[in-house]
Amino acid sequence: MSAETRAKNGTTAQKEIMMITKSRITSSIILTLLFTATVVGANAALEQWGIVAVGFGLYAPAGVFFAGIAFTLRDALHESGGRFWVFGAIAIGGIISWTIEPVFALASATAFTLSELIDFAIYTPLRKRNWLMAVTLSNTGGLIADSALFLWLAFGSLDYMDGQVVGKAYMTALVVIPLYLYRRLR
């Protein structure tokens with residue numbers, strides 16, 4: 001292979017790497033915005049509607065529906081940008097939520113941070129072997145820890161724990177099942 005061919009191939013490879021990097025940054029920005037919107041949406045919903053029915057005679061803070069979606073978005077952001085992006089999105093969501101209700105914002109940011117650490121411990125080692133299992137187990141662990149810590153910090157009790165878990169599980173399934181089917185068909 002001539003020096004000219006090697007240089008040309010090197011330039012092509014560099015361009016491909018730059019395209020992949022730009023694509024990942026773009027994806028990370030979009031996912032950060034979506035994740036941040038779910039954090040803010042959860043706190044705004046709780047401030048606006050308070051405690052709501054989630055089925056089976058259970059009740060939970062209204063933000064539960066946004067928080068359930070947030071776990072899968074967090075996994076996608078983790079995949080695209082890494083932990084730095086996730087913790088940045090949690091911080092941004094917490095800061096914006098502070099303008100809605102400081103107690104909920106602090107409880108939410110703290111709970112999301114803990115659940116991200118749990119998610120990291122579960123999702124990261126499993127994601128390449130079995131994506132569905134990684135998402136399911138990490139979301140389950142994260143939603144239980146997030147629910148308990150959020151409820152304790154925001155309300156000083158775990159009275160709505162069952163409703164929190166059920167509501168977040170609904171929303172997680174609503175997002176994960178179509179993503180799983182998409183990945184299978186692709």
# chains A, B, ... in the order shown; residues from 1 in each chain; ligands from 1
call {"tool": "closest_atom_pairs", "arguments": {"of": "stretch 24-103 of chain A", "to": "stretch 135-141 of chain A", "cutoff": "12 Å", "atoms": "only C-alpha atoms", "output": "JSON lines"}}
result
{"residue": "A:Ala67", "atom": "CA", "partner": "A:Asn139", "partner_atom": "CA", "distance": 10.7}
{"residue": "A:Gly68", "atom": "CA", "partner": "A:Asn139", "partner_atom": "CA", "distance": 8.6}
{"residue": "A:Ile69", "atom": "CA", "partner": "A:Asn139", "partner_atom": "CA", "distance": 9.9}
{"residue": "A:Ala70", "atom": "CA", "partner": "A:Asn139", "partner_atom": "CA", "distance": 9.6}
{"residue": "A:Phe71", "atom": "CA", "partner": "A:Asn139", "partner_atom": "CA", "distance": 6.0}
{"residue": "A:Thr72", "atom": "CA", "partner": "A:Asn139", "partner_atom": "CA", "distance": 7.2}
{"residue": "A:Leu73", "atom": "CA", "partner": "A:Val135", "partner_atom": "CA", "distance": 10.5}
{"residue": "A:Arg74", "atom": "CA", "partner": "A:Asn139", "partner_atom": "CA", "distance": 9.5}
{"residue": "A:Asp75", "atom": "CA", "partner": "A:Val135", "partner_atom": "CA", "distance": 7.2}
{"residue": "A:Ala76", "atom": "CA", "partner": "A:Val135", "partner_atom": "CA", "distance": 9.6}
{"residue": "A:His78", "atom": "CA", "partner": "A:Val135", "partner_atom": "CA", "distance": 11.4}
{"residue": "A:Glu79", "atom": "CA", "partner": "A:Val135", "partner_atom": "CA", "distance": 11.2}
call {"tool": "select_by_dssp", "arguments": {"residues": "chain A", "states": "strand (DSSP E)", "output": "PyMOL selection string"}}
result
chain A and resi 51-55+58-61
call {"tool": "write_last_selection", "arguments": {"atoms": "C-alpha atoms", "output": "mmCIF file, in the first residue's frame"}}
result
data_model
loop_
_atom_site.group_PDB
_atom_site.id
_atom_site.type_symbol
_atom_site.label_atom_id
_atom_site.label_comp_id
_atom_site.auth_asym_id
_atom_site.auth_seq_id
_atom_site.Cartn_x
_atom_site.Cartn_y
_atom_site.Cartn_z
ATOM 1 C CA ILE A 51 -51.091 12.775 44.946
ATOM 2 C CA VAL A 52 -52.926 10.805 42.228
ATOM 3 C CA ALA A 53 -54.414 7.344 41.755
ATOM 4 C CA VAL A 54 -52.192 4.869 39.885
ATOM 5 C CA GLY A 55 -54.570 1.901 39.898
ATOM 6 C CA LEU A 58 -52.867 2.773 45.105
ATOM 7 C CA TYR A 59 -51.779 6.406 45.151
ATOM 8 C CA ALA A 60 -48.509 8.147 44.393
ATOM 9 C CA PRO A 61 -47.115 11.627 43.765
#
call {"tool": "select_by_dssp", "arguments": {"residues": "stretch 2-99 of chain A", "states": "alpha helix (DSSP H)", "output": "PyMOL selection string"}}
result
chain A and resi 3-49+64-81+83-98
call {"tool": "closest_residue", "arguments": {"among": "A:Thr38, A:Asn43, A:Ser27, A:Thr110", "to": "A:Leu77", "atoms": "only C-alpha atoms"}}
result
A:Ser27
call {"tool": "residues_around", "arguments": {"residues": "stretch 85-91 of chain A", "least_positions_apart": "4", "cutoff": "7 Å", "atoms": "only C-alpha atoms", "output": "ChimeraX atom specification"}}
result
/A:32,35-36,74,77-78,81,95,109,112
call {"tool": "residues_around", "arguments": {"residues": "A:Phe65", "least_positions_apart": "4", "cutoff": "7 Å", "atoms": "only C-alpha atoms", "output": "MDAnalysis selection string"}}
result
chainID A and resid 69 167:168 171
call {"tool": "write_last_selection", "arguments": {"atoms": "C-alpha atoms", "output": "compact mmCIF listing (two decimals), in the first residue's frame"}}
result
# COMPACT_ATOMS: atom_id res chain seq x y z
CA ILE A 69 -39.90 7.30 31.71
CA GLY A 167 -46.63 3.82 38.61
CA LYS A 168 -42.96 3.79 37.65
CA MET A 171 -44.16 3.82 32.57
call {"tool": "closest_residue", "arguments": {"among": "A:Val166, A:Leu117, A:Ala154, A:Val39", "to": "A:Gly142", "atoms": "only C-alpha atoms"}}
result
A:Leu117
